[in-house]
>>> print(open('structure07.txt').read())   # compact mmCIF, C-alpha atoms
# COMPACT_ATOMS: atom_id res chain seq x y z
CA MET A 1 50.50 62.17 84.62
CA GLN A 2 52.85 59.84 86.41
CA LEU A 3 54.51 61.29 89.49
CA ASP A 4 57.96 60.30 88.20
CA THR A 5 57.40 62.19 84.95
CA LEU A 6 56.06 65.20 86.82
CA ILE A 7 59.10 65.28 89.07
CA SER A 8 61.58 64.98 86.22
CA GLN A 9 59.83 67.85 84.41
CA PHE A 10 59.92 69.88 87.61
CA GLN A 11 63.63 69.19 87.80
CA LYS A 12 63.91 70.63 84.28
CA LYS A 13 62.32 73.81 85.69
CA ASP A 14 58.93 73.22 84.10
CA GLU A 15 56.52 75.75 85.56
CA LYS A 16 53.39 73.64 85.00
CA ALA A 17 54.94 70.65 86.74
CA PHE A 18 55.92 72.91 89.63
CA GLU A 19 52.33 74.16 89.92
CA GLU A 20 50.97 70.63 89.94
CA LEU A 21 53.37 69.49 92.63
CA TYR A 22 52.48 72.57 94.64
CA ASN A 23 48.81 71.68 94.43
CA MET A 24 49.58 68.12 95.49
CA TYR A 25 51.66 68.94 98.53
CA SER A 26 50.98 72.55 99.59
CA ASP A 27 48.19 71.77 102.07
CA SER A 28 50.19 69.01 103.66
CA MET A 29 53.29 71.21 103.98
CA HIS A 30 51.19 74.10 105.21
CA GLY A 31 49.81 71.85 107.95
CA VAL A 32 53.25 70.56 108.93
CA ILE A 33 54.70 74.07 109.02
CA TYR A 34 51.80 75.57 110.91
CA ASN A 35 51.96 72.74 113.43
CA ILE A 36 55.51 73.81 114.21
CA VAL A 37 55.33 77.61 114.07
CA ARG A 38 51.71 78.09 115.22
CA ASP A 39 51.37 81.47 113.51
CA HIS A 40 49.42 82.14 110.32
CA GLU A 41 51.72 84.84 108.94
CA ILE A 42 54.93 83.04 109.81
CA ALA A 43 53.58 79.78 108.37
CA GLU A 44 52.86 81.51 105.04
CA GLU A 45 56.32 83.03 105.06
CA VAL A 46 57.92 79.63 105.62
CA MET A 47 55.66 78.09 102.95
CA GLN A 48 57.10 80.47 100.36
CA ASP A 49 60.65 79.81 101.51
CA VAL A 50 60.08 76.05 101.28
CA PHE A 51 58.75 75.99 97.73
CA ILE A 52 61.34 78.51 96.54
CA LYS A 53 64.04 76.35 98.05
CA ALA A 54 62.50 73.22 96.46
CA TRP A 55 62.62 74.96 93.08
CA HIS A 56 66.25 75.96 93.43
CA LYS A 57 67.36 72.65 94.92
CA SER A 58 65.26 70.38 92.70
CA ASP A 59 68.46 68.75 91.42
CA SER A 60 69.19 67.41 94.88
CA TYR A 61 66.13 65.12 94.79
CA ASN A 62 66.78 61.56 93.75
CA SER A 63 64.08 58.86 93.84
CA SER A 64 66.58 56.29 95.10
CA LYS A 65 66.84 58.31 98.32
CA GLY A 66 63.15 58.30 99.06
CA ARG A 67 59.74 59.66 98.23
CA PHE A 68 59.34 63.14 96.79
CA PHE A 69 56.85 63.78 99.59
CA THR A 70 59.49 62.83 102.14
CA TRP A 71 62.01 65.09 100.43
CA ILE A 72 59.80 68.16 100.55
CA LEU A 73 58.52 67.24 104.03
CA ASN A 74 62.12 67.34 105.18
CA ILE A 75 62.65 70.79 103.69
CA ALA A 76 59.45 72.07 105.31
CA ARG A 77 60.21 70.66 108.78
CA ASN A 78 63.73 72.06 108.75
CA ALA A 79 62.63 75.48 107.51
CA ALA A 80 59.91 75.70 110.15
CA ILE A 81 62.19 74.53 112.96
CA ASP A 82 64.86 76.99 111.84
CA LYS A 83 62.23 79.71 112.02
CA THR A 84 61.32 78.82 115.60
CA ARG A 85 65.00 79.09 116.51
CA SER A 86 65.29 82.63 115.09
CA LYS A 87 65.65 85.45 117.57
CA ALA A 88 62.54 87.26 116.34
CA PHE A 89 60.47 84.12 116.81
CA LYS A 90 61.79 83.47 120.30
CA ASN A 91 61.00 87.07 121.23
CA SER A 92 57.37 86.50 120.25
CA GLY A 93 57.08 84.42 123.41
CA LYS A 94 55.40 81.37 121.92
CA ASN A 95 55.38 78.21 123.95
CA LEU A 96 55.33 75.30 121.53
CA ASN A 97 56.30 72.49 123.84
CA THR A 98 52.85 71.35 124.86
CA GLU A 99 51.05 71.65 121.54
CA PHE A 100 50.19 68.75 119.26
CA PHE A 101 48.73 68.53 115.81
CA VAL A 102 45.53 67.22 117.31
CA ASP A 103 44.90 70.69 118.79
CA ILE A 104 44.77 72.12 115.29
CA LEU A 105 42.26 69.56 114.10
CA GLU A 106 40.04 70.39 117.03
CA THR A 107 39.94 74.13 116.45
CA ALA A 108 36.89 75.41 114.63
CA ASP A 109 38.58 78.05 112.45
CA ASN A 110 39.82 75.51 109.93
CA LEU A 111 38.50 76.72 106.60
CA ASN A 112 40.24 74.20 104.44
CA ASP A 113 37.53 72.70 102.26
CA LYS A 114 39.65 70.23 100.37
CA VAL A 115 39.92 67.85 103.27
CA ASP A 116 37.37 67.02 105.82
CA ALA A 117 39.45 68.33 108.69
CA ILE A 118 36.65 68.13 111.19
CA GLY A 119 35.86 64.59 110.13
CA ILE A 120 39.49 63.58 110.33
CA GLY A 121 39.80 65.32 113.64
CA ARG A 122 36.96 63.31 114.98
CA TYR A 123 38.69 60.08 113.96
CA VAL A 124 42.14 61.10 115.07
CA LYS A 125 40.81 61.79 118.52
CA ALA A 126 40.15 58.11 118.70
CA LEU A 127 43.87 57.37 118.25
CA GLY A 128 45.72 56.38 121.36
CA GLU A 129 47.75 59.13 123.08
CA LYS A 130 51.03 57.33 122.29
CA CYS A 131 50.02 57.08 118.63
CA LYS A 132 49.28 60.77 118.35
CA LYS A 133 52.67 61.50 119.81
CA ILE A 134 54.58 58.99 117.69
CA ILE A 135 53.06 60.42 114.50
CA GLU A 136 53.71 63.93 115.74
CA TYR A 137 57.39 63.24 116.43
CA LEU A 138 58.31 60.96 113.54
CA TYR A 139 56.40 62.72 110.76
CA PHE A 140 55.68 66.26 111.79
CA LYS A 141 58.69 67.13 113.93
CA GLY A 142 61.34 64.97 112.27
CA TYR A 143 62.56 63.36 115.47
CA THR A 144 64.74 60.27 115.09
CA GLN A 145 63.51 56.92 116.44
CA LYS A 146 65.92 57.34 119.35
CA GLU A 147 64.64 60.82 120.19
CA THR A 148 61.06 59.61 119.91
CA SER A 149 61.70 56.66 122.21
CA GLU A 150 63.31 58.94 124.79
CA GLU A 151 60.52 61.46 124.56
CA LEU A 152 57.81 58.81 124.97
CA ASP A 153 59.79 56.62 127.34
CA ILE A 154 59.30 53.48 125.28
CA PRO A 155 62.04 51.07 124.07
CA ILE A 156 63.60 52.06 120.73
CA GLY A 157 63.07 48.50 119.40
CA THR A 158 59.32 48.88 119.70
CA ILE A 159 59.05 52.26 117.90
CA LYS A 160 58.95 50.68 114.44
CA THR A 161 56.08 48.31 115.15
CA ARG A 162 54.23 50.81 117.39
CA ASN A 163 54.36 53.31 114.54
CA ARG A 164 53.26 50.65 112.04
CA ASN A 165 50.15 49.98 114.10
CA CYS A 166 49.41 53.69 114.60
CA ILE A 167 49.63 54.38 110.86
CA LYS A 168 47.43 51.34 110.22
CA ASP A 169 44.80 52.88 112.49
CA LEU A 170 45.20 56.24 110.78
CA ARG A 171 44.80 54.67 107.36
CA THR A 172 41.52 53.04 108.29
CA MET A 173 40.33 56.41 109.59
CA VAL A 174 41.30 58.68 106.71
CA LEU A 175 41.29 56.40 103.70
CA GLU A 176 37.94 54.73 104.04
CA MET B 1 62.19 37.82 103.42
CA GLU B 2 58.55 37.43 102.55
CA THR B 3 56.95 40.59 101.19
CA LYS B 4 54.29 40.49 103.87
CA ASP B 5 56.85 40.28 106.65
CA TYR B 6 58.75 43.09 105.04
CA ILE B 7 55.64 45.25 105.03
CA ASP B 8 54.70 44.28 108.57
CA SER B 9 58.13 45.17 109.91
CA GLY B 10 57.15 48.86 109.82
CA ILE B 11 60.12 49.85 107.64
CA LEU B 12 57.83 51.44 105.02
CA GLU B 13 56.30 53.81 107.57
CA LEU B 14 59.79 54.92 108.59
CA PHE B 15 60.70 55.23 104.90
CA VAL B 16 57.89 57.71 104.36
CA ALA B 17 58.83 59.57 107.54
CA GLY B 18 62.39 59.94 106.22
CA GLN B 19 63.91 58.03 109.09
CA LEU B 20 66.02 55.54 107.15
CA THR B 21 69.63 55.49 106.07
CA ASP B 22 70.56 55.89 102.41
CA ASN B 23 71.14 52.15 102.06
CA LYS B 24 67.77 51.28 103.58
CA ASN B 25 66.09 53.86 101.35
CA LYS B 26 67.65 52.24 98.30
CA GLU B 27 66.52 48.82 99.49
CA VAL B 28 62.92 49.98 99.94
CA GLN B 29 63.02 51.64 96.53
CA GLU B 30 64.10 48.33 94.98
CA MET B 31 61.39 46.44 96.84
CA MET B 32 58.81 48.92 95.56
CA LEU B 33 59.91 48.34 91.98
CA LYS B 34 59.91 44.57 92.40
CA HIS B 35 56.74 44.16 94.42
CA PRO B 36 53.63 46.15 93.51
CA GLU B 37 52.11 45.41 96.93
CA VAL B 38 55.06 47.16 98.60
CA LEU B 39 54.55 50.16 96.32
CA ARG B 40 50.82 50.17 97.10
CA GLU B 41 51.57 50.01 100.80
CA VAL B 42 53.99 52.97 100.59
CA LEU B 43 51.46 55.00 98.62
CA GLU B 44 48.77 54.31 101.21
CA ILE B 45 51.03 55.28 104.10
CA GLU B 46 52.05 58.44 102.28
CA THR B 47 48.48 59.33 101.41
CA ALA B 48 47.34 58.85 105.01
CA VAL B 49 50.08 61.16 106.29
CA ILE B 50 49.34 63.71 103.56
CA LYS B 51 45.63 63.63 104.43
CA LEU B 52 46.31 64.08 108.10
CA SER B 53 48.79 66.92 107.62
CA SER B 54 46.58 68.59 105.01
CA ALA B 55 43.79 68.65 107.57
CA MET B 56 46.19 70.64 109.76
CA ALA B 57 46.63 73.39 107.13
CA PRO B 58 45.16 76.45 108.84
CA ARG B 59 43.81 78.14 105.72
CA ASP B 60 43.84 78.22 101.96
CA ASN B 61 47.24 78.70 100.38
CA LYS B 62 46.41 79.18 96.68
CA HIS B 63 47.51 82.82 96.84
CA LEU B 64 50.95 81.76 98.05
CA LEU B 65 51.68 80.03 94.74
CA LYS B 66 51.44 83.37 92.95
CA LEU B 67 53.78 85.01 95.48
CA ILE B 68 56.24 82.14 95.11
CA LYS B 69 56.10 82.35 91.31
CA ASP B 70 56.59 86.11 91.50
CA LYS B 71 59.66 85.62 93.63
CA LEU B 72 60.92 82.99 91.21
CA LYS B 73 60.01 85.29 88.28
CA LEU B 74 57.83 82.54 86.86
CA ASN B 75 55.01 84.27 85.07
CA GLY B 76 54.95 82.57 81.73
CA GLN B 77 58.28 84.20 80.99
CA ASP B 78 61.71 82.72 80.57
CA VAL B 79 62.96 81.03 83.64
CA LYS B 80 65.62 83.14 85.18
CA VAL B 81 66.66 83.27 88.76
CA ILE B 82 67.30 86.85 89.62
CA SER B 83 68.46 87.99 93.01
CA ILE B 84 65.63 89.62 94.91
CA ASN B 85 67.79 92.26 96.46
CA LYS B 86 69.32 93.48 93.22
CA PRO B 87 69.03 97.25 93.57
CA LYS B 88 71.66 97.34 96.25
CA TYR B 89 72.59 100.93 95.52
CA ASN B 90 69.70 103.26 94.86
CA TRP B 91 69.75 106.88 93.70
CA LEU B 92 69.89 108.04 97.31
CA THR B 93 73.19 106.25 97.83
CA TYR B 94 74.67 107.78 94.69
CA THR B 95 73.33 111.23 95.54
CA GLY B 96 74.73 110.89 99.04
CA TRP B 97 78.18 110.00 97.79
CA ALA B 98 78.06 112.76 95.18
CA ALA B 99 77.06 115.28 97.85
CA ALA B 100 79.84 114.06 100.11
CA LEU B 101 82.37 114.43 97.28
CA ILE B 102 81.18 117.94 96.46
CA VAL B 103 81.30 119.00 100.10
CA GLY B 104 84.75 117.41 100.45
CA ALA B 105 86.06 119.16 97.32
CA GLY B 106 84.51 122.42 98.52
CA MET B 107 86.23 122.11 101.87
CA LEU B 108 89.58 121.40 100.22
CA TRP B 109 89.13 124.41 97.94
CA THR B 110 88.19 126.62 100.89
CA LEU B 111 91.15 125.34 102.88
CA ASN B 112 93.47 126.08 99.95
CA GLN B 113 91.97 129.54 99.51
CA ASN B 114 92.41 130.20 103.19
CA GLN B 115 96.05 129.18 103.06
CA GLN B 116 96.64 131.40 100.05
CA LEU B 117 94.98 134.30 101.81
CA GLU B 118 97.06 133.69 104.92
CA VAL B 119 100.23 133.81 102.81
CA LYS B 120 98.99 137.01 101.20
CA VAL B 121 98.20 138.55 104.59
CA SER B 122 101.63 137.54 105.81
CA ASP B 123 103.25 139.09 102.72
CA ALA B 124 101.21 142.24 103.18
CA GLU B 125 102.25 142.46 106.82
CA ILE B 126 105.92 142.13 105.92
CA GLU B 127 105.49 144.78 103.22
CA LYS B 128 103.64 146.99 105.69
CA ALA B 129 106.41 146.64 108.23
CA TYR B 130 108.98 147.43 105.53
CA LEU B 131 107.01 150.50 104.44
CA GLU B 132 106.72 151.61 108.06
CA ILE B 133 110.49 151.39 108.36
CA GLN B 134 110.88 153.38 105.13
CA ILE B 135 108.41 156.00 106.34
CA GLU B 136 110.26 156.18 109.64
CA GLU B 137 113.56 156.55 107.80
CA ALA B 138 112.08 159.16 105.50
CA LYS B 139 110.75 161.02 108.51
CA THR B 140 114.16 160.87 110.19
CA ASP B 141 115.82 161.86 106.94
CA LEU B 142 113.38 164.74 106.54
CA ALA B 143 114.03 165.87 110.11
CA VAL B 144 117.76 165.76 109.48
CA LYS B 145 117.35 167.72 106.29
CA ASP B 146 114.98 170.18 107.93
CA ASN B 147 117.52 170.63 110.65
CA LEU B 148 120.27 171.07 108.07
CA LEU B 149 118.19 173.60 106.13
CA ASN B 150 117.53 175.53 109.32
CA VAL B 151 121.24 175.54 110.05
CA LEU B 152 122.13 176.78 106.61
CA ARG B 153 119.45 179.46 106.74
CA ASP B 154 120.70 180.69 110.09
CA ARG B 155 121.72 184.28 109.69
CA ASN B 156 124.81 183.75 111.78
CA ILE B 157 126.17 181.20 109.33
CA ILE B 158 129.27 182.01 107.38
CA SER B 159 129.59 180.20 104.05
CA VAL B 160 133.13 179.34 102.95
CA PRO B 161 133.65 177.73 99.54
CA LEU B 162 136.75 175.57 99.25
CA GLY B 163 138.27 175.36 95.76
CA GLY B 164 140.29 172.61 94.17
CA GLN B 165 144.06 172.94 94.51
CA GLY B 166 146.84 172.02 92.05
CA ASP B 167 146.31 168.56 90.63
CA PHE B 168 142.92 168.35 92.38
CA ALA B 169 141.27 171.33 90.62
CA ASP B 170 138.05 169.28 90.12
CA SER B 171 137.57 168.92 93.85
CA TYR B 172 135.51 171.31 95.88
CA ALA B 173 133.84 171.61 99.25
CA LYS B 174 131.89 174.10 101.34
CA VAL B 175 132.05 174.98 104.99
CA TYR B 176 129.11 176.49 106.83
CA TRP B 177 130.46 177.99 110.04
CA ASN B 178 128.19 178.95 112.88
CA LYS B 179 130.34 181.07 115.15
CA ALA B 180 127.55 181.24 117.72
CA ASP B 181 127.71 177.53 118.57
CA ASN B 182 131.34 176.92 117.56
CA SER B 183 130.56 174.30 114.95
CA ILE B 184 130.96 173.90 111.25
CA TYR B 185 129.02 171.91 108.72
CA LEU B 186 131.31 170.60 106.03
CA ASP B 187 129.65 169.78 102.75
CA ALA B 188 132.26 167.51 101.14
CA GLN B 189 130.24 166.20 98.24
CA GLY B 190 132.90 167.42 95.79
CA LEU B 191 135.58 165.14 97.22
CA PRO B 192 136.25 161.63 95.99
CA ASP B 193 136.10 158.61 98.31
CA ALA B 194 139.22 158.27 100.43
CA PRO B 195 141.47 155.48 99.05
CA GLU B 196 142.40 152.43 101.14
CA GLY B 197 144.60 153.38 104.11
CA LYS B 198 143.79 157.09 103.79
CA VAL B 199 141.33 159.47 105.45
CA TRP B 200 140.27 163.06 104.86
CA GLN B 201 141.55 165.46 107.50
CA VAL B 202 140.04 168.92 108.01
CA TRP B 203 142.21 171.90 108.99
CA SER B 204 141.51 175.28 110.45
CA LEU B 205 144.10 177.85 109.29
CA THR B 206 145.27 181.23 110.43
CA LEU B 207 147.09 183.03 107.66
CA ASN B 208 149.74 185.34 109.11
CA PRO B 209 151.68 183.39 109.96
CA LEU B 210 150.21 180.32 108.27
CA THR B 211 149.28 178.04 111.18
CA PRO B 212 147.25 174.89 110.62
CA LYS B 213 145.15 173.34 113.36
CA SER B 214 143.53 169.97 112.89
CA LEU B 215 139.74 169.76 113.27
CA GLY B 216 139.94 165.99 113.00
CA THR B 217 139.66 163.23 110.42
CA ILE B 218 136.42 162.18 108.70
CA ASP B 219 136.59 158.44 109.32
CA ASN B 220 133.05 157.66 108.03
CA PHE B 221 133.37 159.68 104.81
CA ASN B 222 132.99 156.85 102.35
CA SER B 223 129.91 155.41 104.02
CA ASP B 224 128.12 158.68 104.59
CA ASP B 225 125.23 159.44 102.27
CA ASN B 226 124.87 163.17 102.21
CA LYS B 227 128.56 163.90 102.83
CA ILE B 228 127.69 166.67 105.28
CA PHE B 229 129.65 166.50 108.51
CA ASN B 230 129.12 168.45 111.69
CA ILE B 231 132.49 169.35 113.23
CA VAL B 232 133.32 171.31 116.40
CA ASN B 233 135.41 174.40 115.70
CA ALA B 234 136.27 176.85 118.48
CA ASN B 235 139.08 178.49 116.52
CA GLU B 236 139.29 181.94 115.05
CA SER B 237 139.70 180.38 111.64
CA GLN B 238 140.76 182.46 108.68
CA ALA B 239 140.73 179.61 106.20
CA PHE B 240 139.77 175.90 105.94
CA GLY B 241 141.68 173.20 104.10
CA ILE B 242 141.21 169.47 103.49
CA THR B 243 144.08 167.06 102.96
CA LEU B 244 144.29 163.34 102.34
CA GLU B 245 146.26 161.80 105.18
CA PRO B 246 147.18 158.30 106.35
CA VAL B 247 144.56 156.63 108.59
CA GLY B 248 144.78 158.17 112.07
CA GLY B 249 145.58 161.62 110.72
CA SER B 250 148.75 163.74 110.75
CA GLU B 251 150.19 166.41 113.03
CA THR B 252 150.62 168.78 110.16
CA PRO B 253 148.92 168.77 106.80
CA THR B 254 150.74 167.10 103.90
CA MET B 255 150.74 169.98 101.44
CA GLU B 256 151.10 167.70 98.40
CA GLN B 257 147.80 166.17 99.35
CA LEU B 258 145.89 169.43 99.84
CA TYR B 259 142.74 168.95 97.83
CA THR B 260 140.70 172.00 98.65
CA LEU B 261 141.27 175.30 100.35
CA GLY B 262 139.06 178.33 101.04
CA VAL B 263 139.51 181.60 102.82
CA VAL B 264 136.89 182.97 105.17
CA SER B 265 135.69 186.24 103.74
CA GLN B 266 135.36 188.78 106.51
CA PRO B 267 132.06 190.54 106.74
>>> encode(input="structure07.txt", output="structure tokens")
Amino acid sequence: MQLDTLISQFQKKDEKAFEELYNMYSDSMHGVIYNIVRDHEIAEEVMQDVFIKAWHKSDSYNSSKGRFFTWILNIARNAAIDKTRSKAFKNSGKNLNTEFFVDILETADNLNDKVDAIGIGRYVKALGEKCKKIIEYLYFKGYTQKETSEELDIPIGTIKTRNRNCIKDLRTMVLE
Amino acid sequence: METKDYIDSGILELFVAGQLTDNKNKEVQEMMLKHPEVLREVLEIETAVIKLSSAMAPRDNKHLLKLIKDKLKLNGQDVKVISINKPKYNWLTYTGWAAALIVGAGMLWTLNQNQQLEVKVSDAEIEKAYLEIQIEEAKTDLAVKDNLLNVLRDRNIISVPLGGQGDFADSYAKVYWNKADNSIYLDAQGLPDAPEGKVWQVWSLTLNPLTPKSLGTIDNFNSDDNKIFNIVNANESQAFGITLEPVGGSETPTMEQLYTLGVVSQP
């Protein structure tokens, strides 16, 4: 089924379409959320919140504004970041500042069999440090180009092309 | 702009990341529709990011779909969004309020009962005080009457009946004279109330010659209950008479107003 058709059925509150979209994006969102909250239970909590919110707010998605993936990625990032700002989360004493998605790929307890996480991890390691960070900030943390440039101490004008090259490298690694 | 340049600019990567403005998003969308290679590029970027992030998923999440569907009430049934926290008030809340109401009503009832009882106690106390006064009065009355009876039973007492005179034949009185203590008890129950401006005056008489001597006026006659008056009498009286006189009394009795008269019978 075409993605456009699937999405419009989902917007008509079609349960099957919702299930299919969940299967398409749940792992990705789970990864993004976990990367931010770094807690299995909390990540699963946020996962539920994200897809429930997507269901209720399905009307707010419009293809002219971007990709469906980008839309739900935005919901997931915001929900996860909101969670880390909650009082209960802060009291748990987690220090998230120094952690990157690469750490997750390197840990051995990844039981996800749908993607070759270990294989991808091996490739991603080969990415330059700046690339890992650009991808982390722009895609997984939702930083703006300006915030990313400040964080990495590189000119804002070069972010776009730097990112283009990093994604090109990533594509050759994961899409071969 | 050439399609290749457009792709190489890196705008598509930012598009997937959600970093563009609404206008730029629209522009990319149009480019995707016009140029299949732009669409293909976007799909590849998106797929790469999805693959990478999926590799970061810490564990399987199939079970979460069921939880989500449960929360959305999507289990092959009609789609209805029902608030999760619907049973806001459970039986405990209702029971609690009911209990509070019952206790409150009970307290009000008790308070009311208490007030009623207090009023009753107060009434009873007033009644008790009133009865005590009555008992005290009765006791006093009894003492007076006992005293009176003792006086009348005294063997030294001389009883003198006074009969009605002339126009006042219906009137009568009785004098009880105790010579030992020089006092008389006048029982004047057979006399009418003294009219306004008049008083009864009691006389001691000696007969030969007829000499009246005033024993005084009975100023409290009308208000007295038992109409028995204790009067000092140190005279050698031979008779007693009662006349109606102007207030303050008279020097000599007004014979037209002689109501009763009685002679002391000598033993």
>>> interface_residues(input="structure07.txt", of="chain B", to="chain A", cutoff="8 Å", atoms="all atoms listed in the file", output="compact mmCIF listing (two decimals) with C-alpha atoms, in the coordinates of the input")
# COMPACT_ATOMS: atom_id res chain seq x y z
CA ASP B 8 54.70 44.28 108.57
CA SER B 9 58.13 45.17 109.91
CA GLY B 10 57.15 48.86 109.82
CA ILE B 11 60.12 49.85 107.64
CA GLU B 13 56.30 53.81 107.57
CA LEU B 14 59.79 54.92 108.59
CA PHE B 15 60.70 55.23 104.90
CA VAL B 16 57.89 57.71 104.36
CA ALA B 17 58.83 59.57 107.54
CA GLY B 18 62.39 59.94 106.22
CA GLN B 19 63.91 58.03 109.09
CA ASP B 22 70.56 55.89 102.41
CA ASN B 25 66.09 53.86 101.35
CA LYS B 26 67.65 52.24 98.30
CA GLN B 29 63.02 51.64 96.53
CA GLU B 44 48.77 54.31 101.21
CA ILE B 45 51.03 55.28 104.10
CA GLU B 46 52.05 58.44 102.28
CA ALA B 48 47.34 58.85 105.01
CA VAL B 49 50.08 61.16 106.29
CA ILE B 50 49.34 63.71 103.56
CA LYS B 51 45.63 63.63 104.43
CA LEU B 52 46.31 64.08 108.10
CA SER B 53 48.79 66.92 107.62
CA SER B 54 46.58 68.59 105.01
CA ALA B 55 43.79 68.65 107.57
CA MET B 56 46.19 70.64 109.76
CA ALA B 57 46.63 73.39 107.13
CA PRO B 58 45.16 76.45 108.84
CA ARG B 59 43.81 78.14 105.72
CA ASP B 60 43.84 78.22 101.96
CA ASN B 61 47.24 78.70 100.38
CA LEU B 64 50.95 81.76 98.05
CA LEU B 65 51.68 80.03 94.74
CA LEU B 67 53.78 85.01 95.48
CA ILE B 68 56.24 82.14 95.11
CA LYS B 71 59.66 85.62 93.63
CA LEU B 72 60.92 82.99 91.21
CA LEU B 74 57.83 82.54 86.86
CA GLY B 76 54.95 82.57 81.73
CA VAL B 79 62.96 81.03 83.64
>>> atom_distance(input="structure07.txt", atom1="CA of Asn78 in chain A", atom2="CA of Lys62 in chain B")
22.3 Å
>>> atom_distance(input="structure07.txt", atom1="CA of Asp153 in chain A", atom2="CA of Ile81 in chain A")
23.1 Å
>>> axis_aligned_box(input="structure07.txt", around="range 137-144 of chain A", padding_each_side="6 Å", output="AutoDock Vina command-line options")
--center_x 60.2 --center_y 63.7 --center_z 113.6 --size_x 21.1 --size_y 18.9 --size_z 17.7
>>> atom_distance(input="structure07.txt", atom1="CA of Gln115 in chain B", atom2="CA of Tyr130 in chain B")
22.5 Å
>>> residues_near_point(input="structure07.txt", point="(120.1, 171.1, 103.7)", cutoff="12 Å", atoms="all atoms listed in the file", output="list in words")
Asp141, Leu142, Ala143, Val144, Lys145, Asp146, Asn147, Leu148, Leu149, Asn150, Val151, Leu152, Arg153, Asp154, Tyr176, Tyr185, Leu186, Asp187, Asn226, Lys227, Ile228 and Phe229 of chain B
>>> residues_around(input="structure07.txt", residues="Ser265 in chain B", least_positions_apart="3", cutoff="10 Å", atoms="all atoms listed in the file", output="number ranges by chain")
B: 158-161, 238-239, 262
>>> residues_around(input="structure07.txt", residues="Ser60 in chain A", least_positions_apart="6", cutoff="12 Å", atoms="only C-alpha atoms", output="list in words")
Ile7, Ser8, Gln11, Lys53, Ala54, Gly66, Phe68, Trp71, Ile72 and Ile75 of chain A
>>> closest_residue(input="structure07.txt", among="A:Ala126, A:Phe100, A:Ile36, A:Tyr61", to="Lys83 in chain A", atoms="only C-alpha atoms")
A:Ile36
>>> closest_residue(input="structure07.txt", among="B:Ala180, B:Ala129, B:Ala194, B:Leu244", to="Ser223 in chain B", atoms="all atoms listed in the file")
B:Ala194
>>> build_atoms(input="structure07.txt", residues="range 23-32 of chain A", atoms="N, CA, C and O atoms", output="mmCIF file, keeping the file's coordinate frame")
data_model
loop_
_atom_site.group_PDB
_atom_site.id
_atom_site.type_symbol
_atom_site.label_atom_id
_atom_site.label_comp_id
_atom_site.auth_asym_id
_atom_site.auth_seq_id
_atom_site.Cartn_x
_atom_site.Cartn_y
_atom_site.Cartn_z
ATOM 1 N N ASN A 23 50.199 72.019 94.095
ATOM 2 C CA ASN A 23 48.810 71.680 94.430
ATOM 3 C C ASN A 23 48.701 70.342 95.157
ATOM 4 O O ASN A 23 47.830 70.160 95.999
ATOM 5 N N MET A 24 49.604 69.436 94.839
ATOM 6 C CA MET A 24 49.580 68.120 95.490
ATOM 7 C C MET A 24 50.045 68.180 96.947
ATOM 8 O O MET A 24 49.512 67.478 97.795
ATOM 9 N N TYR A 25 51.036 68.992 97.209
ATOM 10 C CA TYR A 25 51.660 68.940 98.530
ATOM 11 C C TYR A 25 51.514 70.212 99.402
ATOM 12 O O TYR A 25 51.910 70.195 100.572
ATOM 13 N N SER A 26 50.984 71.288 98.833
ATOM 14 C CA SER A 26 50.980 72.550 99.590
ATOM 15 C C SER A 26 50.171 72.483 100.883
ATOM 16 O O SER A 26 50.618 72.966 101.923
ATOM 17 N N ASP A 27 48.991 71.852 100.842
ATOM 18 C CA ASP A 27 48.190 71.770 102.070
ATOM 19 C C ASP A 27 48.914 70.988 103.152
ATOM 20 O O ASP A 27 48.946 71.380 104.316
ATOM 21 N N SER A 28 49.474 69.871 102.715
ATOM 22 C CA SER A 28 50.190 69.010 103.660
ATOM 23 C C SER A 28 51.355 69.770 104.305
ATOM 24 O O SER A 28 51.522 69.761 105.525
ATOM 25 N N MET A 29 52.142 70.469 103.460
ATOM 26 C CA MET A 29 53.290 71.210 103.980
ATOM 27 C C MET A 29 52.825 72.368 104.870
ATOM 28 O O MET A 29 53.434 72.675 105.882
ATOM 29 N N HIS A 30 51.754 73.000 104.432
ATOM 30 C CA HIS A 30 51.190 74.100 105.210
ATOM 31 C C HIS A 30 50.826 73.627 106.613
ATOM 32 O O HIS A 30 51.103 74.291 107.611
ATOM 33 N N GLY A 31 50.195 72.427 106.654
ATOM 34 C CA GLY A 31 49.810 71.850 107.950
ATOM 35 C C GLY A 31 51.019 71.541 108.808
ATOM 36 O O GLY A 31 51.054 71.860 109.997
ATOM 37 N N VAL A 32 52.031 70.921 108.191
ATOM 38 C CA VAL A 32 53.250 70.560 108.930
ATOM 39 C C VAL A 32 53.932 71.820 109.485
ATOM 40 O O VAL A 32 54.329 71.872 110.654
#
